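Worksheet: the structure to be examined is printed underneath.
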Amino acid sequence: MLLLGCSGIPAGDSAQTVVAEDAPCQIVIEHLTLGDTPMPDLQKVADAVSAITLPKINCTVKIENIPISDHATRISLMSAQNDQLDIINTGRTVSLSEMVADGTLLPLDDLLTSHGSALLEKAGDLIKADMIDDHIYSVPANLYCGGNSGFLYNKDMADRYNIHLSETMSVEEIEAIAEALHQHGKYLLSQGDGSDNPILLGTFFPSVVPVGSSMYANGVSVFGDSGTDIINVFETEEYLAYCQLLRRWQQNGWLPADSLTSGLLVNQLFQNEEIFMTWLTSNPVEEALQAKNYGFQVDMFATTSQTPLRTNQVQEDGWGISSTSRNPEKAMEFLNLMYSNSEISNLLMNGIEGQEYQKVSDRIATYPDNVSADNIGYSRYFSVFGDFMDIYQWQPVTEDFYQDLKDFRDNITVSPLLGYTFDVSPVASEYAAVMRVLSEYLPPLECGMIVDVEGAVKNMNVLLSDAGINQIIEENQRQLDLWLADR
């Protein structure tokens with residue numbers, strides 16, 4: 001009898017070596033990086049994690065670095081070529097609903113019940129946001145997601161140019177900063193390589209709220225978290241004002257003129273100190289995560305006073321088990337262990353003590369002597385591993401972080417639509433047609449490159465109507481009404 005056990009041999013393969021049932025397997029876990037810069041200590045970190053997982057759950061770990069710019073393509077190739085990639089990031093570059101519709105992910109309901117009890121307990125109500133058609137397809141990577149819309153900025157640059165910021169900034173105050181930076185030859189922000197980003201729209205116009213997941217992926221949005229009427233966001237006054245705002249900023253020289261052609265991601269421009277700030281959700285976790293990623297000091301400010309926890313905020317940062325996983329049960333065992341074992345989470349988040357970091361107190365770390373962000377042997381950029389309550393944080397974060405994090409989660413407000421996700425499969429052809437229109441219009445519009453903004457938005461809406469956006473809205477409304485009726 002052929003005992004596949006945990007061998008990593010796909011079912012149906014013939015002429016494979018017989019492996020004992022209790023032989024350890026290897027779990028391949030995805031690690032999203034900023035670029036393809038080698039990490040000399042990557043294998044050392046994987047070996048250190050494997051030294052823990054082997055006796056506990058009988059598996060070893062391989063960490064596969066994937067530049068975030070290549071992630072969407074990599075996911076597609078993975079499925080087509082049946083490449084082993086057991087644990088993958090969900091929602092980062094491809095929406096959760098798209099990944100489910102494409103067959104990229106396995107349902108996790110039974111796996112969580114049998115092998116993920118600790119993770120399921122820690123996720124709590126957040127798990128509702130990772131359900132598609134009543135099945136769980138992802139688990140929240142960040143157990144403390146949500147927070148206010150805002151920006152991460154270069155504090156050293158602000159100090160250098162005598163720029164003063166408050167905890168909450170208005171558009172008018174941001175524009176004053178942009179002009180001051182312009183005098184020193186620096187840009188305010190960028191849309192990176194020209195890709196559209198609905199997060200920035202919601203940052204400037206917080207009344208625009210996605211229904212279920214990304215408002216751009218669905219082409220729709222609702223106004224206010226208590227609202228239940230779905231509308232076309234591209235026909236709103238807010239969207240037109242948003243595009244006109246970016247056009248004005250482009251004309252004023254506050255945005256890079258080569259956003260559509262530079263090929264650089266926003267994070268790369270920020271790291272190179274070519275732009276002053278980049279958007280993100282303002283909360284204790286993001287502040288801690290960003291503290292060590294750059295060769296300069298960073299800080300944050302918000303553009304909203306309070307933002308309820310929404311489905312899209314949970315879905316944009318998750319872990320799923322790939323449909324090409326060689327052993328889904330073992331992959332779930334690893335996820336469960338990663339969120340309950342501080343040694344594993346600290347290795348994956350921070351590297352090896354004495355090489356990538358040294359502790360300055362019980363749970364606060366800094367770089368060792370002669371080590372910096374420029375020469376560190378292992379770095380975490382986008383992927384989030386484990387429970388932040390178990391993870392060492394980096395100076396200038398203090399031990400107060402852990403109480404702040406607990407208070408943040410205990411006091412966060414929750415959107416009444418948390419848990420609703422739009423299933424695009426009934427309107428898949430319309431969805432594809434709408435996305436083709438958006439891929440043509442949104443990059444130049446949202447990089448401020450279109451002279452006649454109002455005319456371009458009108459033309460885009462005509463094409464969106466022809467492509468079937470109204471059918472998408474009707475289907476989304478139907479699904480939302482059914483979801484609300486079951487509550």
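Identifiers for the structure tokens are assigned positionally: chains receive A, B, ... in sequence, residues are indexed from 1 per chain, and ligands are indexed from 1 in the order shown.
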
Which residues, written as JSON, numbers by chain, have at least one atom at most 9 Å from Gly468 in chain A, with only C-alpha atoms counted and residues fewer than 4 positions away on the same chain left out? {"A": [427, 429, 430, 431, 433, 434, 463, 464, 472, 473]}

Which polymer residues have any atom within 10 Å of an atom of Lys56 in chain A, counting only C-alpha atoms, with same-chain residues fewer than 6 positions away left out, as a count of residues only? 4

Go through A:Ser76, A:Ser69, A:Ser342, A:Thr236 and flag the residue nearest Glu454 in chain A, using only C-alpha atoms for the distances. A:Thr236

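The shortest atom-to-atom distance to Asp362 in chain A, with only C-alpha atoms taken into account, belongs to A:Gln393 out of A:Thr113, A:Gln393, A:Ser379, A:Ser149.
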
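Nearest-residue note for Leu484 in chain A: choosing from A:Asp317, A:Asp125, A:Asp229, A:Glu179, the minimum distance belongs to A:Asp229, counting only C-alpha atoms.
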
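Residues in contact range of Asp486 in chain A, defined as at most 12 Å between only C-alpha atoms, with sequence neighbours fewer than 6 positions away removed, read Asp134, Tyr420, Gln479 and Leu480 of chain A.
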
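Among the residues of range 116-216 of chain A, backbone DSSP assigns strand (DSSP E) to A:Met131, A:Ile132, A:His135, A:Ile136, A:Val139, A:Pro140, A:Asn148, A:Ser149, A:Gly150, A:Phe151, A:Leu152, A:Tyr153, A:Asn154, A:Val208, A:Val209.
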
Resulting file, chosen residues, N, CA and C atoms, as a compact mmCIF listing (two decimals), in the first residue's frame:
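Dumped everything to again.txt:
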```txt
# COMPACT_ATOMS: atom_id res chain seq x y z
N MET A 131 -15.52 35.08 4.90
CA MET A 131 -16.44 34.07 4.38
C MET A 131 -16.96 34.48 3.01
N ILE A 132 -16.95 33.53 2.10
CA ILE A 132 -17.53 33.69 0.78
C ILE A 132 -18.56 32.57 0.59
N HIS A 135 -18.73 29.96 3.35
CA HIS A 135 -17.54 29.15 3.63
C HIS A 135 -16.36 30.07 3.95
N ILE A 136 -15.52 29.64 4.87
CA ILE A 136 -14.33 30.41 5.25
C ILE A 136 -13.20 30.06 4.30
N VAL A 139 -8.00 33.39 6.85
CA VAL A 139 -7.99 33.78 8.26
C VAL A 139 -7.26 35.11 8.35
N PRO A 140 -7.67 35.99 9.26
CA PRO A 140 -7.03 37.31 9.34
C PRO A 140 -5.57 37.21 9.76
N ASN A 148 -8.18 54.21 11.76
CA ASN A 148 -8.52 55.42 11.01
C ASN A 148 -7.73 55.51 9.71
N SER A 149 -8.36 56.10 8.70
CA SER A 149 -7.67 56.35 7.44
C SER A 149 -6.61 57.42 7.67
N GLY A 150 -5.45 57.24 7.04
CA GLY A 150 -4.40 58.22 7.25
C GLY A 150 -3.16 57.95 6.42
N PHE A 151 -2.04 58.51 6.87
CA PHE A 151 -0.79 58.44 6.12
C PHE A 151 0.39 58.16 7.04
N LEU A 152 1.37 57.46 6.50
CA LEU A 152 2.68 57.30 7.10
C LEU A 152 3.59 58.34 6.47
N TYR A 153 4.35 59.09 7.27
CA TYR A 153 5.20 60.12 6.68
C TYR A 153 6.62 60.04 7.23
N ASN A 154 7.51 60.67 6.50
CA ASN A 154 8.93 60.70 6.82
C ASN A 154 9.18 61.78 7.87
N VAL A 208 -17.27 57.67 1.52
CA VAL A 208 -17.30 56.62 0.51
C VAL A 208 -16.88 55.31 1.16
N VAL A 209 -17.82 54.39 1.28
CA VAL A 209 -17.60 53.15 2.04
C VAL A 209 -17.81 51.95 1.13
```

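If you measure from each of A:Trp249, A:Tyr216, A:Phe296, A:Phe401 to Leu438 in chain A using only C-alpha atoms, the closest one turns out to be A:Tyr216.
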
Residues of range 51-142 of chain A within 12 Å of range 256-271 of chain A: nearest atom pair and distance (Å, one decimal) for each, counting only C-alpha atoms, sorted by chain and number, as CSV?
```
residue,atom,partner,partner_atom,distance
A:Pro67,CA,A:Leu265,CA,10.9
A:Ile68,CA,A:Leu265,CA,9.3
A:Ser69,CA,A:Leu265,CA,7.7
A:Asp70,CA,A:Leu265,CA,11.5
```

May I have the residues from that selection written out with N, CA, C and O atoms, as a CSV table (one decimal), in the first residue's frame?
```csv
chain,number,residue,atom,x,y,z
A,67,PRO,N,8.3,39.1,-4.5
A,67,PRO,CA,8.1,40.6,-4.6
A,67,PRO,C,6.6,40.9,-4.8
A,67,PRO,O,5.9,40.2,-5.6
A,68,ILE,N,6.1,41.8,-4.0
A,68,ILE,CA,4.7,42.1,-4.1
A,68,ILE,C,4.3,42.6,-5.5
A,68,ILE,O,3.1,42.3,-5.9
A,69,SER,N,5.2,43.1,-6.3
A,69,SER,CA,4.8,43.5,-7.6
A,69,SER,C,4.6,42.3,-8.5
A,69,SER,O,3.9,42.5,-9.6
A,70,ASP,N,5.1,41.2,-8.2
A,70,ASP,CA,4.9,39.9,-9.0
A,70,ASP,C,3.9,39.0,-8.4
A,70,ASP,O,3.6,37.9,-9.0
```

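For the residues A:Ala485, A:Leu245, A:Leu445, A:Met169, ranking by smallest atom-to-atom distance to Lys458 in chain A using only C-alpha atoms places A:Leu445 first.
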
Out of A:Ser383, A:Asn142, A:Asn252, A:Gln191, which residue has the shortest atom-to-atom distance to Ala176 in chain A when counting only C-alpha atoms? A:Asn252

Would you please give, as a compact mmCIF listing (two decimals) with N, CA and C atoms, in the first residue's frame, all residues of range 403-450 of chain A that DSSP assigns to alpha helix (DSSP H) based on the backbone?
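Below you can see states-v1.txt, which holds the result:
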```
# COMPACT_ATOMS: atom_id res chain seq x y z
N GLN A 403 -0.47 47.37 25.92
CA GLN A 403 -1.71 47.84 26.53
C GLN A 403 -2.51 48.69 25.53
N ASP A 404 -1.80 49.50 24.74
CA ASP A 404 -2.47 50.31 23.71
C ASP A 404 -3.17 49.41 22.70
N LEU A 405 -2.52 48.30 22.36
CA LEU A 405 -3.11 47.37 21.40
C LEU A 405 -4.35 46.70 21.96
N LYS A 406 -4.29 46.31 23.21
CA LYS A 406 -5.46 45.71 23.85
C LYS A 406 -6.61 46.71 23.92
N ASP A 407 -6.30 47.94 24.29
CA ASP A 407 -7.34 48.97 24.37
C ASP A 407 -7.94 49.24 22.99
N PHE A 408 -7.09 49.22 21.96
CA PHE A 408 -7.56 49.47 20.59
C PHE A 408 -8.57 48.42 20.18
N ARG A 409 -8.24 47.14 20.41
CA ARG A 409 -9.16 46.08 20.00
C ARG A 409 -10.44 46.08 20.85
N ASP A 410 -10.30 46.37 22.12
CA ASP A 410 -11.47 46.36 23.01
C ASP A 410 -12.45 47.48 22.68
N ASN A 411 -11.95 48.57 22.11
CA ASN A 411 -12.79 49.76 21.92
C ASN A 411 -13.14 50.07 20.47
N ALA A 428 -19.84 37.35 -13.67
CA ALA A 428 -18.41 37.25 -13.97
C ALA A 428 -18.05 37.93 -15.28
N SER A 429 -18.88 37.77 -16.31
CA SER A 429 -18.56 38.36 -17.61
C SER A 429 -18.66 39.88 -17.54
N GLU A 430 -19.69 40.39 -16.86
CA GLU A 430 -19.82 41.84 -16.69
C GLU A 430 -18.66 42.39 -15.86
N TYR A 431 -18.31 41.65 -14.84
CA TYR A 431 -17.20 42.07 -13.98
C TYR A 431 -15.92 42.21 -14.78
N ALA A 432 -15.63 41.21 -15.63
CA ALA A 432 -14.42 41.26 -16.44
C ALA A 432 -14.44 42.45 -17.40
N ALA A 433 -15.61 42.71 -17.99
CA ALA A 433 -15.73 43.84 -18.92
C ALA A 433 -15.55 45.17 -18.20
N VAL A 434 -16.12 45.29 -17.01
CA VAL A 434 -15.98 46.52 -16.22
C VAL A 434 -14.52 46.74 -15.84
N MET A 435 -13.84 45.69 -15.43
CA MET A 435 -12.44 45.83 -15.03
C MET A 435 -11.56 46.24 -16.20
N ARG A 436 -11.91 45.82 -17.41
CA ARG A 436 -11.15 46.26 -18.58
C ARG A 436 -11.28 47.77 -18.78
N VAL A 437 -12.48 48.29 -18.59
CA VAL A 437 -12.68 49.74 -18.71
C VAL A 437 -11.90 50.47 -17.62
N LEU A 438 -11.99 49.98 -16.40
CA LEU A 438 -11.31 50.64 -15.29
C LEU A 438 -9.79 50.60 -15.46
N SER A 439 -9.27 49.52 -15.99
CA SER A 439 -7.82 49.41 -16.17
C SER A 439 -7.31 50.43 -17.19
N GLU A 440 -8.19 50.88 -18.08
CA GLU A 440 -7.80 51.89 -19.07
C GLU A 440 -7.91 53.30 -18.51
N TYR A 441 -8.93 53.57 -17.73
CA TYR A 441 -9.22 54.94 -17.30
C TYR A 441 -8.62 55.32 -15.95
N LEU A 442 -8.64 54.40 -15.00
CA LEU A 442 -8.27 54.79 -13.64
C LEU A 442 -6.81 55.22 -13.48
N PRO A 443 -5.84 54.50 -14.04
CA PRO A 443 -4.45 54.94 -13.82
C PRO A 443 -4.18 56.39 -14.22
N PRO A 444 -4.52 56.83 -15.45
CA PRO A 444 -4.24 58.24 -15.75
C PRO A 444 -5.11 59.22 -14.96
N LEU A 445 -6.37 58.83 -14.68
CA LEU A 445 -7.23 59.71 -13.89
C LEU A 445 -6.67 59.91 -12.50
N GLU A 446 -6.22 58.81 -11.87
CA GLU A 446 -5.83 58.87 -10.47
C GLU A 446 -4.35 59.19 -10.28
```

Find the residues near Ile163 in chain A: any atom within 10 Å, counting only C-alpha atoms, skip ones fewer than 2 places away on the same chain, and give them as a count of residues only. 12

If you count only C-alpha atoms, which residues fall within 12 Å of range 100-102 of chain A, apart from same-chain ones fewer than 3 positions away, as JSON, numbers by chain? {"A": [75, 76, 78, 79, 80, 90, 91, 94, 95, 96, 97, 105, 106, 107, 108, 130, 131, 132, 133, 135, 136, 137, 138, 320, 321, 322, 323, 421, 422, 423, 424, 425, 426, 427, 428, 431]}

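With CA of Glu343 in chain A on one side and CA of Glu64 in chain A on the other, the separation reads 19.5 Å.
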
Expressed in Å to a single decimal, how great is the separation between CA of Ala23 in chain A and CA of Asp41 in chain A? 26.7 Å

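The space separating CA of Ile88 in chain A from CA of Thr324 in chain A comes to 10.5 Å.
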